[in-house]
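Written out below as structure tokens is the structure these notes cover.
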Amino acid sequence: MAVVFEKTKMLTDVPFHYCPGCTHGIAHRLLAEAIEELGKEDEAIGVAPVGCAVFAYNYFNCDMMEAAHGRAPAVATGIKRVHPDKLVFTYQGDGDLASIGTAEIIHAAARGEKITTIFINNAIYGMTGGQMAPTTLEGQVTTTSPYGRKKEHCGLPIKMSEIIATLDGAAYVERVSMHDVPNIIKAKNAIKKALQYQIAGKGFSFIELLSTCPTNWGMTPADALEWLKDNMIPYYPLGVKKEVEL
Amino acid sequence: MAKKLMKGSEAIGEAAIQAGCRYFFGYPITPQNEIPEYMSRRLPQEGGCFLQAESEVAAINMVYGAAGSGARVMTSSSSPGISLKQEGISYIACAEIPCVIVNMMRVGPGLGGIQPAQGDYFQATKGGGHGDYHLVVLAPSTVQEAANMVMEGFDIADTYRIPVMVLGDGMIGQIMEPVEFVPPKKREVPPKTWAATGWSDKSRPRAILNSLYIEPEEMKVVMDRLLERYELIKKNETRVEEFMTEDAEYIIAAYGTTARIAKSAITKARAQGIKVGLIRPITVWPFPYEAYSKAADRVKGFLDIELSTGQMVEDVRLAVAGKKPVEFYGKLGGFVPSADEILEQIKKMAEVK
Amino acid sequence: MAKLTINEDACKGCSLCTRVCPKHILELNREKLNAKGYHPIHCINMDECIGCASCARMCPDVVFTVER
């Protein structure tokens with residue numbers, strides 16, 4: 001018998017602290033496997049965000065820096081400018097990237113910074129206990145939108161992939177989902193492709209992963225995946241948003 | 001190397017390059033734009049990288065990334081911009097990453113004005129950002145000293161894994177003086193085995209540069225280490241200049257631009273028979289408390305002069321500990337006192353009619 | 001012929017694997033609590049496992065090793 005699946009060496013032995021059924025763990029695995037498959041284990045330098053993935057430095061088995069809330073793309077810029085030959089990534093959630101860190105992500109993309117950003121969109125602030133995010137859907141109830149998000153009050157959710165795709169510096173932008181196995185396989189391919197764009201020096205690459213937060217959505221992990229499919233995908237359409245020639 | 005006539009800000013830029021700094025991240029703000037402008041010209045010639053960030057917030061975080069991955073890195077700004085950098089500075093201090101930050105102070109609070117001031121003393125020496133940390137803060141009073149401080153600042157930063165601030169004011173940045181770039185006294189600077197450079201060398205532990213410690217036991221280890229380092233820095237790096245203090249009956253306390261004007265006033269006062277001297281902190285953190293407390297035993301009184309409403313004077317009073325009166329004269333609004341104006345204050349203190 | 005190895009102590013009992021297993025041979029083990037205090041997943045009929053690794057791909061905690 002041959003091993004057809006085992007935990008990648010790009011993940012440490014530290015068990016994830018994430019809640020049961022949280023898709024962060026899947027996203028970590030996909031990124032780690034992609035780095036390993038590209039043979040870049042010893043050249044990867046990652047930047048962790050503030051939010052649920054703040055402890056990402058404990059999980060990715062490479063050199064890591066932990067950034068202030070939203071600032072990961074600036075930190076990654078500093079690293080990449082010193083080490084242009086290394087594989088530099090940021091891993092950020094929606095509060096981090098689409099709210100407090102909008103300036104940093106937009107300008108890193110606009111500069112065509114040769115880094116890869118993994119963006120976890122679960123439509124809520126997880127770590128702080130389920131507050132409204134810039135990506136929270138219209139009508140969605142959170143602890144700071146107890147009557148549901150209202151357009152007249154705080155507008156509609158931000159579509160980051162579409163925004164990033166308008167910037168010349170962005171080389172590869174794709175939105176994927178983790179709600180079932182075929183989509184998880186697609187997500188992995190997207191992440192790998194994004195890293196290949198970085199390795200080829202083509203510019204900024206960005207993968208948005210639609211994710212769940214069963215705890216703060218108040219659902220079972222399985223129901224959360226269904227909710228993602230039925231509610232998030234219609235508003236956040238999957239697919240490649242920008243692709244220059246590789 | 002021959003002396004060269006240079007503007008303070010440009011001398012600071014060149015000094016950084018001479019010290020091996022090849023990365024600069026900044027954002028325009030008056031009165032320090034000549035530093036990023038100089039770096040944008042010079043760094044590409046040296047194979048380095050100048051990058052104009054989208055904000056001071058981004059700039060300091062680029063410093064965090066670049067310095068965290070092992071490079072000598074500098075950023076510069078002026079008061080309102082330094083406020084924006086404080087979050088990043090706090091993270092850098094906790095993650096124990098060496099870098100050099102230049103603040104060419106302008107008058108404030110708020111957007112304030114663009115004239116010289118010393119209103120950021122508290123911010124620079126007492127923390128500035130959130131939490132419990134210090135920077136080494138060097139306060140130049142000439143262009144030459146600013147250049148020396150930048151060059152040695154990188155060594156100090158690397159030796160102690162601490163961010164170093166060069167605290168100048170609009171005046172130091174804008175004046176032109178002859179300057180030469182002399183390497184500082186050689187130090188044993190430890191190799192940066194902690195830097196995040198990619199984990200190809202498995203003989204070192206995986207690099208994690210972080211400022212998050214959820215477990216109190218872990219946070220305490222970091223804070224104990226910082227405290228120990230601060231004590232070591234106080235012991236090794238406290239620097240002070242005494243000018244005509246041997247026989248002085250009165251002592252002026254001043255730093256930076258104010259101190260050099262005070263020297264002219266002291267010379268004038270001496271000509272009129274008033275025995276006055278100057279104690280000038282060269283490091284405002286660590287503050288040279290001992291120099292003032294020793295002087296307190298032999299002089300009649302102190303006069304603290306600042307371009308502020310009275311900030312360093314609190315440290316002088318701590319050092320003097322009530323033993324002698326400590327008067328204060330603050331020049332506000334972005335004005336700089338003349339030597340004659342300081343002379344008048346000296347006379348008032350010495351009760352000379 | 002396939003073999004599933006489960007790192008029971010890493011399992012949080014989220015059951016996402018049970019949803020994607022084509023053979024419906026994964027269940028929470030109600031008889032057992034792991035180190036984290038969860039009922040861990042277990043395979044109730046290893047003979048039926050086809051080694052497709054769907055469980056492993058869905059698992060957020062990377063508890064499965066699959067051989068075929």
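Ligands are numbered from 1 in the order shown, residues from 1 within each chain, and chains are lettered A, B, ... in the order they appear in the structure tokens.
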
Checklist entry - Taking only C-alpha atoms into account, which residues of chain A are within 8 Å of chain B, as JSON, numbers by chain? => result {"A": [41, 42, 43, 44, 45, 57, 61, 62, 63, 64, 65, 66, 67, 68, 71, 72, 74, 75, 76, 77, 78, 79, 80, 81, 82, 83, 86, 103, 104, 107]}

Checklist entry - What residues in chain C lie within 7 Å of chain A, counting only C-alpha atoms, written as a list in words? => result Ala10, Lys12, Gly13, Cys14, Leu16, Ala53, Ser54, Arg57, Met58, Cys59, Pro60, Asp61, Val62, Phe64, Thr65, Val66, Glu67 and Arg68 of chain C

Selected residues written out with N, CA and C atoms, as a PDB file, in the first residue's frame:
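Dumped to result_4.pdb:
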```
ATOM      1  N   ALA C  10      -6.218  14.792  17.723  1.00  0.00           N
ATOM      2  CA  ALA C  10      -6.320  16.063  16.999  1.00  0.00           C
ATOM      3  C   ALA C  10      -7.753  16.326  16.532  1.00  0.00           C
ATOM      4  N   LYS C  12     -11.654  17.142  16.474  1.00  0.00           N
ATOM      5  CA  LYS C  12     -12.553  17.985  17.276  1.00  0.00           C
ATOM      6  C   LYS C  12     -14.017  17.583  17.092  1.00  0.00           C
ATOM      7  N   GLY C  13     -14.231  16.451  16.462  1.00  0.00           N
ATOM      8  CA  GLY C  13     -15.586  15.925  16.341  1.00  0.00           C
ATOM      9  C   GLY C  13     -16.515  16.772  15.493  1.00  0.00           C
ATOM     10  N   CYS C  14     -15.976  17.492  14.497  1.00  0.00           N
ATOM     11  CA  CYS C  14     -16.829  18.403  13.712  1.00  0.00           C
ATOM     12  C   CYS C  14     -17.713  17.636  12.735  1.00  0.00           C
ATOM     13  N   LEU C  16     -17.343  16.847   9.665  1.00  0.00           N
ATOM     14  CA  LEU C  16     -17.387  17.205   8.240  1.00  0.00           C
ATOM     15  C   LEU C  16     -16.977  16.017   7.376  1.00  0.00           C
ATOM     16  N   ALA C  53      -9.649   9.444   0.143  1.00  0.00           N
ATOM     17  CA  ALA C  53      -9.074  10.590   0.863  1.00  0.00           C
ATOM     18  C   ALA C  53      -9.984  11.814   0.895  1.00  0.00           C
ATOM     19  N   SER C  54     -11.261  11.620   0.586  1.00  0.00           N
ATOM     20  CA  SER C  54     -12.195  12.753   0.695  1.00  0.00           C
ATOM     21  C   SER C  54     -12.242  13.258   2.138  1.00  0.00           C
ATOM     22  N   ARG C  57      -9.269  15.400   2.841  1.00  0.00           N
ATOM     23  CA  ARG C  57      -9.310  16.709   2.172  1.00  0.00           C
ATOM     24  C   ARG C  57     -10.298  17.645   2.848  1.00  0.00           C
ATOM     25  N   MET C  58     -11.331  17.071   3.448  1.00  0.00           N
ATOM     26  CA  MET C  58     -12.350  17.906   4.099  1.00  0.00           C
ATOM     27  C   MET C  58     -11.961  18.253   5.531  1.00  0.00           C
ATOM     28  N   CYS C  59     -11.119  17.425   6.132  1.00  0.00           N
ATOM     29  CA  CYS C  59     -10.841  17.574   7.571  1.00  0.00           C
ATOM     30  C   CYS C  59     -10.066  18.852   7.875  1.00  0.00           C
ATOM     31  N   PRO C  60     -10.621  19.747   8.717  1.00  0.00           N
ATOM     32  CA  PRO C  60      -9.907  20.986   9.051  1.00  0.00           C
ATOM     33  C   PRO C  60      -8.727  20.762   9.991  1.00  0.00           C
ATOM     34  N   ASP C  61      -8.606  19.563  10.576  1.00  0.00           N
ATOM     35  CA  ASP C  61      -7.549  19.352  11.556  1.00  0.00           C
ATOM     36  C   ASP C  61      -6.523  18.310  11.133  1.00  0.00           C
ATOM     37  N   VAL C  62      -6.567  17.937   9.874  1.00  0.00           N
ATOM     38  CA  VAL C  62      -5.576  17.056   9.255  1.00  0.00           C
ATOM     39  C   VAL C  62      -5.331  15.807  10.115  1.00  0.00           C
ATOM     40  N   PHE C  64      -6.310  12.663   9.309  1.00  0.00           N
ATOM     41  CA  PHE C  64      -6.274  11.392   8.560  1.00  0.00           C
ATOM     42  C   PHE C  64      -4.965  11.175   7.812  1.00  0.00           C
ATOM     43  N   THR C  65      -4.509   9.927   7.843  1.00  0.00           N
ATOM     44  CA  THR C  65      -3.485   9.473   6.908  1.00  0.00           C
ATOM     45  C   THR C  65      -4.133   8.341   6.112  1.00  0.00           C
ATOM     46  N   VAL C  66      -3.991   8.404   4.795  1.00  0.00           N
ATOM     47  CA  VAL C  66      -4.689   7.431   3.944  1.00  0.00           C
ATOM     48  C   VAL C  66      -3.666   6.643   3.128  1.00  0.00           C
ATOM     49  N   GLU C  67      -3.836   5.337   3.167  1.00  0.00           N
ATOM     50  CA  GLU C  67      -2.986   4.472   2.327  1.00  0.00           C
ATOM     51  C   GLU C  67      -3.887   3.623   1.434  1.00  0.00           C
ATOM     52  N   ARG C  68      -3.343   3.294   0.270  1.00  0.00           N
ATOM     53  CA  ARG C  68      -4.158   2.513  -0.659  1.00  0.00           C
ATOM     54  C   ARG C  68      -3.281   1.546  -1.420  1.00  0.00           C
TER      55      ARG C  68
END
```

Checklist entry - Counting only C-alpha atoms, what is within 7 Å of B:Pro288, bar same-chain residues fewer than 3 positions away, as a ChimeraX atom specification? => result /B:238-240,281,291

Item to check | For A:Val176: contacts at 12 Å, only C-alpha atoms, fewer than 2 positions along chain excluded, given as a PyMOL selection string | outcome: chain A and resi 27+118-121+161+173-174+178-191+206-211+228-229+232-233+236-241

Using N, CA and C atoms, can you write the selected residues to a file as a CSV table (one decimal), in the first residue's frame?
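What landed in again.csv:
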```
chain,number,residue,atom,x,y,z
A,27,ALA,N,-7.6,25.7,4.9
A,27,ALA,CA,-6.8,26.7,4.2
A,27,ALA,C,-5.3,26.6,4.5
A,118,ILE,N,-3.2,35.2,1.0
A,118,ILE,CA,-4.3,34.2,1.2
A,118,ILE,C,-5.3,35.0,2.0
A,119,PHE,N,-6.5,35.2,1.5
A,119,PHE,CA,-7.5,36.0,2.1
A,119,PHE,C,-8.7,35.1,2.5
A,120,ILE,N,-8.9,35.0,3.8
A,120,ILE,CA,-10.0,34.2,4.4
A,120,ILE,C,-11.2,35.1,4.6
A,121,ASN,N,-12.3,34.8,3.8
A,121,ASN,CA,-13.5,35.6,3.9
A,121,ASN,C,-14.6,34.7,4.5
A,161,SER,N,-11.8,40.7,-4.0
A,161,SER,CA,-11.1,40.1,-5.2
A,161,SER,C,-11.4,41.0,-6.5
A,173,VAL,N,-5.6,36.8,-9.6
A,173,VAL,CA,-6.6,37.0,-8.5
A,173,VAL,C,-7.7,35.9,-8.8
A,174,GLU,N,-8.0,35.1,-7.7
A,174,GLU,CA,-9.1,34.1,-7.9
A,174,GLU,C,-9.8,34.0,-6.6
A,178,MET,N,-14.4,26.6,0.0
A,178,MET,CA,-14.0,25.4,0.7
A,178,MET,C,-15.2,24.6,1.2
A,179,HIS,N,-16.4,24.7,0.5
A,179,HIS,CA,-17.6,24.1,1.0
A,179,HIS,C,-17.7,22.6,0.7
A,180,ASP,N,-17.0,22.1,-0.3
A,180,ASP,CA,-17.0,20.7,-0.5
A,180,ASP,C,-15.6,20.2,-1.1
A,181,VAL,N,-15.4,18.9,-1.3
A,181,VAL,CA,-14.1,18.4,-1.7
A,181,VAL,C,-13.7,18.9,-3.1
A,182,PRO,N,-14.6,18.9,-4.1
A,182,PRO,CA,-14.1,19.4,-5.4
A,182,PRO,C,-13.7,20.8,-5.3
A,183,ASN,N,-14.4,21.6,-4.5
A,183,ASN,CA,-14.0,23.0,-4.4
A,183,ASN,C,-12.7,23.2,-3.6
A,184,ILE,N,-12.5,22.3,-2.7
A,184,ILE,CA,-11.2,22.4,-1.9
A,184,ILE,C,-10.0,22.0,-2.8
A,185,ILE,N,-10.2,21.1,-3.7
A,185,ILE,CA,-9.2,20.7,-4.7
A,185,ILE,C,-8.9,21.9,-5.6
A,186,LYS,N,-10.0,22.6,-6.0
A,186,LYS,CA,-9.8,23.8,-6.9
A,186,LYS,C,-9.1,24.9,-6.1
A,187,ALA,N,-9.4,25.0,-4.8
A,187,ALA,CA,-8.8,26.0,-4.0
A,187,ALA,C,-7.3,25.8,-3.9
A,188,LYS,N,-6.9,24.5,-3.7
A,188,LYS,CA,-5.5,24.2,-3.7
A,188,LYS,C,-4.8,24.6,-5.0
A,189,ASN,N,-5.4,24.2,-6.1
A,189,ASN,CA,-4.8,24.5,-7.4
A,189,ASN,C,-4.6,26.1,-7.5
A,190,ALA,N,-5.6,26.8,-7.1
A,190,ALA,CA,-5.5,28.3,-7.2
A,190,ALA,C,-4.4,28.8,-6.3
A,191,ILE,N,-4.2,28.3,-5.1
A,191,ILE,CA,-3.1,28.8,-4.3
A,191,ILE,C,-1.8,28.4,-4.9
A,206,PHE,N,-3.3,36.9,-5.4
A,206,PHE,CA,-4.3,37.0,-4.3
A,206,PHE,C,-5.3,35.9,-4.5
A,207,ILE,N,-5.5,35.1,-3.4
A,207,ILE,CA,-6.6,34.1,-3.5
A,207,ILE,C,-7.5,34.4,-2.3
A,208,GLU,N,-8.8,34.5,-2.6
A,208,GLU,CA,-9.8,34.7,-1.6
A,208,GLU,C,-10.5,33.4,-1.4
A,209,LEU,N,-10.5,32.9,-0.2
A,209,LEU,CA,-11.2,31.6,0.1
A,209,LEU,C,-12.5,31.9,0.9
A,210,LEU,N,-13.6,31.6,0.3
A,210,LEU,CA,-14.8,31.7,1.1
A,210,LEU,C,-14.8,30.6,2.2
A,211,SER,N,-15.1,31.0,3.4
A,211,SER,CA,-14.8,30.2,4.6
A,211,SER,C,-16.0,30.3,5.5
A,228,LEU,N,-22.8,28.8,3.5
A,228,LEU,CA,-21.8,29.4,2.6
A,228,LEU,C,-22.2,29.2,1.2
A,229,LYS,N,-22.5,28.0,0.8
A,229,LYS,CA,-22.8,27.7,-0.6
A,229,LYS,C,-24.1,28.5,-1.0
A,232,MET,N,-23.2,32.9,0.4
A,232,MET,CA,-22.0,33.6,0.1
A,232,MET,C,-21.7,33.6,-1.4
A,233,ILE,N,-21.8,32.4,-1.9
A,233,ILE,CA,-21.4,32.2,-3.4
A,233,ILE,C,-22.2,33.1,-4.3
A,236,TYR,N,-20.6,36.5,-3.7
A,236,TYR,CA,-19.2,36.5,-4.0
A,236,TYR,C,-18.9,35.4,-5.0
A,237,PRO,N,-19.1,35.7,-6.3
A,237,PRO,CA,-19.0,34.7,-7.3
A,237,PRO,C,-17.6,34.1,-7.4
A,238,LEU,N,-17.5,32.8,-7.5
A,238,LEU,CA,-16.2,32.1,-7.6
A,238,LEU,C,-15.6,32.3,-9.0
A,239,GLY,N,-14.3,32.2,-9.0
A,239,GLY,CA,-13.6,32.2,-10.3
A,239,GLY,C,-12.4,33.1,-10.4
A,240,VAL,N,-11.7,33.0,-11.5
A,240,VAL,CA,-10.5,33.8,-11.7
A,240,VAL,C,-11.0,35.3,-12.1
A,241,LYS,N,-10.5,36.2,-11.4
A,241,LYS,CA,-10.8,37.6,-11.6
A,241,LYS,C,-9.8,38.4,-12.4
```

Item to check | Contact residues around stretch 296-301 of chain B with only C-alpha atoms at 10 Å, ignoring same-chain residues under 2 positions, as a VMD selection string | outcome: chain B and resid 245 to 252 275 to 277 290 to 294 303 319 to 327 349 to 350

Next on the checklist: Give me, as a VMD selection string, the residues of stretch 19-218 of chain B that a backbone DSSP run labels alpha helix (DSSP H).
Outcome noted: chain B and resid 34 to 45 56 to 68 79 to 95 121 to 125 143 to 160 170 to 174 216 to 218

Residues from last step as file, C-alpha atoms, as a PDB file, in the first residue's frame:
```pdb
ATOM      1  CA  GLU B  34      15.080  65.857   2.375  1.00  0.00           C
ATOM      2  CA  ILE B  35      15.785  62.533   4.102  1.00  0.00           C
ATOM      3  CA  PRO B  36      13.507  60.372   1.886  1.00  0.00           C
ATOM      4  CA  GLU B  37      14.464  62.478  -1.137  1.00  0.00           C
ATOM      5  CA  TYR B  38      18.146  61.889  -0.458  1.00  0.00           C
ATOM      6  CA  MET B  39      17.594  58.180   0.109  1.00  0.00           C
ATOM      7  CA  SER B  40      15.568  57.867  -3.092  1.00  0.00           C
ATOM      8  CA  ARG B  41      18.578  59.256  -5.000  1.00  0.00           C
ATOM      9  CA  ARG B  42      21.340  57.430  -3.154  1.00  0.00           C
ATOM     10  CA  LEU B  43      20.023  53.980  -2.288  1.00  0.00           C
ATOM     11  CA  PRO B  44      19.635  52.745  -5.885  1.00  0.00           C
ATOM     12  CA  GLN B  45      23.291  53.751  -6.460  1.00  0.00           C
ATOM     13  CA  GLU B  56       3.590  56.237   7.875  1.00  0.00           C
ATOM     14  CA  VAL B  57       1.714  53.240   9.240  1.00  0.00           C
ATOM     15  CA  ALA B  58       2.732  51.145   6.252  1.00  0.00           C
ATOM     16  CA  ALA B  59       6.265  52.551   6.273  1.00  0.00           C
ATOM     17  CA  ILE B  60       6.986  51.463   9.834  1.00  0.00           C
ATOM     18  CA  ASN B  61       5.544  48.029   9.099  1.00  0.00           C
ATOM     19  CA  MET B  62       7.792  47.721   6.055  1.00  0.00           C
ATOM     20  CA  VAL B  63      10.639  48.548   8.437  1.00  0.00           C
ATOM     21  CA  TYR B  64       9.388  45.761  10.712  1.00  0.00           C
ATOM     22  CA  GLY B  65       9.430  43.274   7.821  1.00  0.00           C
ATOM     23  CA  ALA B  66      12.764  44.328   6.332  1.00  0.00           C
ATOM     24  CA  ALA B  67      14.564  44.653   9.677  1.00  0.00           C
ATOM     25  CA  GLY B  68      12.936  41.426  10.862  1.00  0.00           C
ATOM     26  CA  SER B  79       5.878  64.601  14.776  1.00  0.00           C
ATOM     27  CA  PRO B  80       2.378  63.841  13.346  1.00  0.00           C
ATOM     28  CA  GLY B  81       3.897  61.101  11.205  1.00  0.00           C
ATOM     29  CA  ILE B  82       5.761  59.666  14.177  1.00  0.00           C
ATOM     30  CA  SER B  83       2.427  59.452  16.024  1.00  0.00           C
ATOM     31  CA  LEU B  84       1.160  57.260  13.185  1.00  0.00           C
ATOM     32  CA  LYS B  85       4.202  55.017  13.474  1.00  0.00           C
ATOM     33  CA  GLN B  86       3.730  54.392  17.182  1.00  0.00           C
ATOM     34  CA  GLU B  87       1.729  51.187  16.787  1.00  0.00           C
ATOM     35  CA  GLY B  88       4.470  49.692  14.649  1.00  0.00           C
ATOM     36  CA  ILE B  89       7.206  50.926  16.967  1.00  0.00           C
ATOM     37  CA  SER B  90       5.528  49.183  19.900  1.00  0.00           C
ATOM     38  CA  TYR B  91       5.370  45.904  17.941  1.00  0.00           C
ATOM     39  CA  ILE B  92       9.005  46.286  16.828  1.00  0.00           C
ATOM     40  CA  ALA B  93      10.100  46.938  20.408  1.00  0.00           C
ATOM     41  CA  CYS B  94       8.297  43.824  21.652  1.00  0.00           C
ATOM     42  CA  ALA B  95       9.532  41.659  18.786  1.00  0.00           C
ATOM     43  CA  TYR B 121      10.056  64.328  24.336  1.00  0.00           C
ATOM     44  CA  PHE B 122       7.461  62.484  26.387  1.00  0.00           C
ATOM     45  CA  GLN B 123       6.428  60.406  23.367  1.00  0.00           C
ATOM     46  CA  ALA B 124      10.021  59.493  22.534  1.00  0.00           C
ATOM     47  CA  THR B 125      11.341  58.795  26.022  1.00  0.00           C
ATOM     48  CA  VAL B 143      24.646  68.161  12.017  1.00  0.00           C
ATOM     49  CA  GLN B 144      27.887  66.308  12.758  1.00  0.00           C
ATOM     50  CA  GLU B 145      26.401  64.804  15.864  1.00  0.00           C
ATOM     51  CA  ALA B 146      23.261  63.791  13.972  1.00  0.00           C
ATOM     52  CA  ALA B 147      25.423  61.933  11.448  1.00  0.00           C
ATOM     53  CA  ASN B 148      27.456  60.251  14.192  1.00  0.00           C
ATOM     54  CA  MET B 149      24.300  59.237  16.030  1.00  0.00           C
ATOM     55  CA  VAL B 150      22.737  57.642  12.973  1.00  0.00           C
ATOM     56  CA  MET B 151      25.917  55.655  12.298  1.00  0.00           C
ATOM     57  CA  GLU B 152      26.312  54.512  15.878  1.00  0.00           C
ATOM     58  CA  GLY B 153      22.540  54.156  16.245  1.00  0.00           C
ATOM     59  CA  PHE B 154      22.580  51.144  13.913  1.00  0.00           C
ATOM     60  CA  ASP B 155      25.280  49.501  16.047  1.00  0.00           C
ATOM     61  CA  ILE B 156      23.369  50.223  19.253  1.00  0.00           C
ATOM     62  CA  ALA B 157      20.178  48.844  17.701  1.00  0.00           C
ATOM     63  CA  ASP B 158      21.909  45.652  16.555  1.00  0.00           C
ATOM     64  CA  THR B 159      23.787  45.188  19.837  1.00  0.00           C
ATOM     65  CA  TYR B 160      20.673  45.310  21.992  1.00  0.00           C
ATOM     66  CA  GLY B 170      13.278  71.013  12.326  1.00  0.00           C
ATOM     67  CA  MET B 171      16.358  73.145  12.940  1.00  0.00           C
ATOM     68  CA  ILE B 172      18.843  70.240  12.919  1.00  0.00           C
ATOM     69  CA  GLY B 173      17.256  68.927   9.749  1.00  0.00           C
ATOM     70  CA  GLN B 174      17.349  72.203   7.870  1.00  0.00           C
ATOM     71  CA  PRO B 216       1.200  35.455  31.232  1.00  0.00           C
ATOM     72  CA  GLU B 217       4.198  33.225  31.968  1.00  0.00           C
ATOM     73  CA  GLU B 218       5.463  33.704  28.403  1.00  0.00           C
TER      74      GLU B 218
END
```

Item to check | Test item, strand (DSSP E) assignment across stretch 56-277 of chain B, answer as a PyMOL selection string | outcome: chain B and resi 73-77+99-105+136-138+163-169+176-179+208-209+240-243+250-253+276-277

Next on the checklist: I'd like the neighbourhood of B:Asn103 as a PyMOL selection string, where a residue qualifies if any of its atoms comes within 6 Å (using only C-alpha atoms), though same-chain residues fewer than 3 positions away should be ignored.
Outcome noted: chain B and resi 76-78+167-168

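The spacing separating atom CA of A:Ala224 from atom CA of C:Glu8 amounts to 23.3 Å.
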
Item to check | Residues within 12 Å of A:Ala98, only C-alpha atoms, excluding chain neighbours under 6 positions, as JSON, numbers by chain | outcome: {"A": [69, 70, 71, 92, 104, 105, 106, 119, 120, 121, 122, 123, 124, 125, 133, 134, 135, 136, 157, 158, 159, 160, 161, 163, 164, 208]}

Next on the checklist: Between atom CA of A:Val50 and atom CA of A:Ala108, what is the distance in Å, rounded to a tenth?
Outcome noted: 17.9 Å
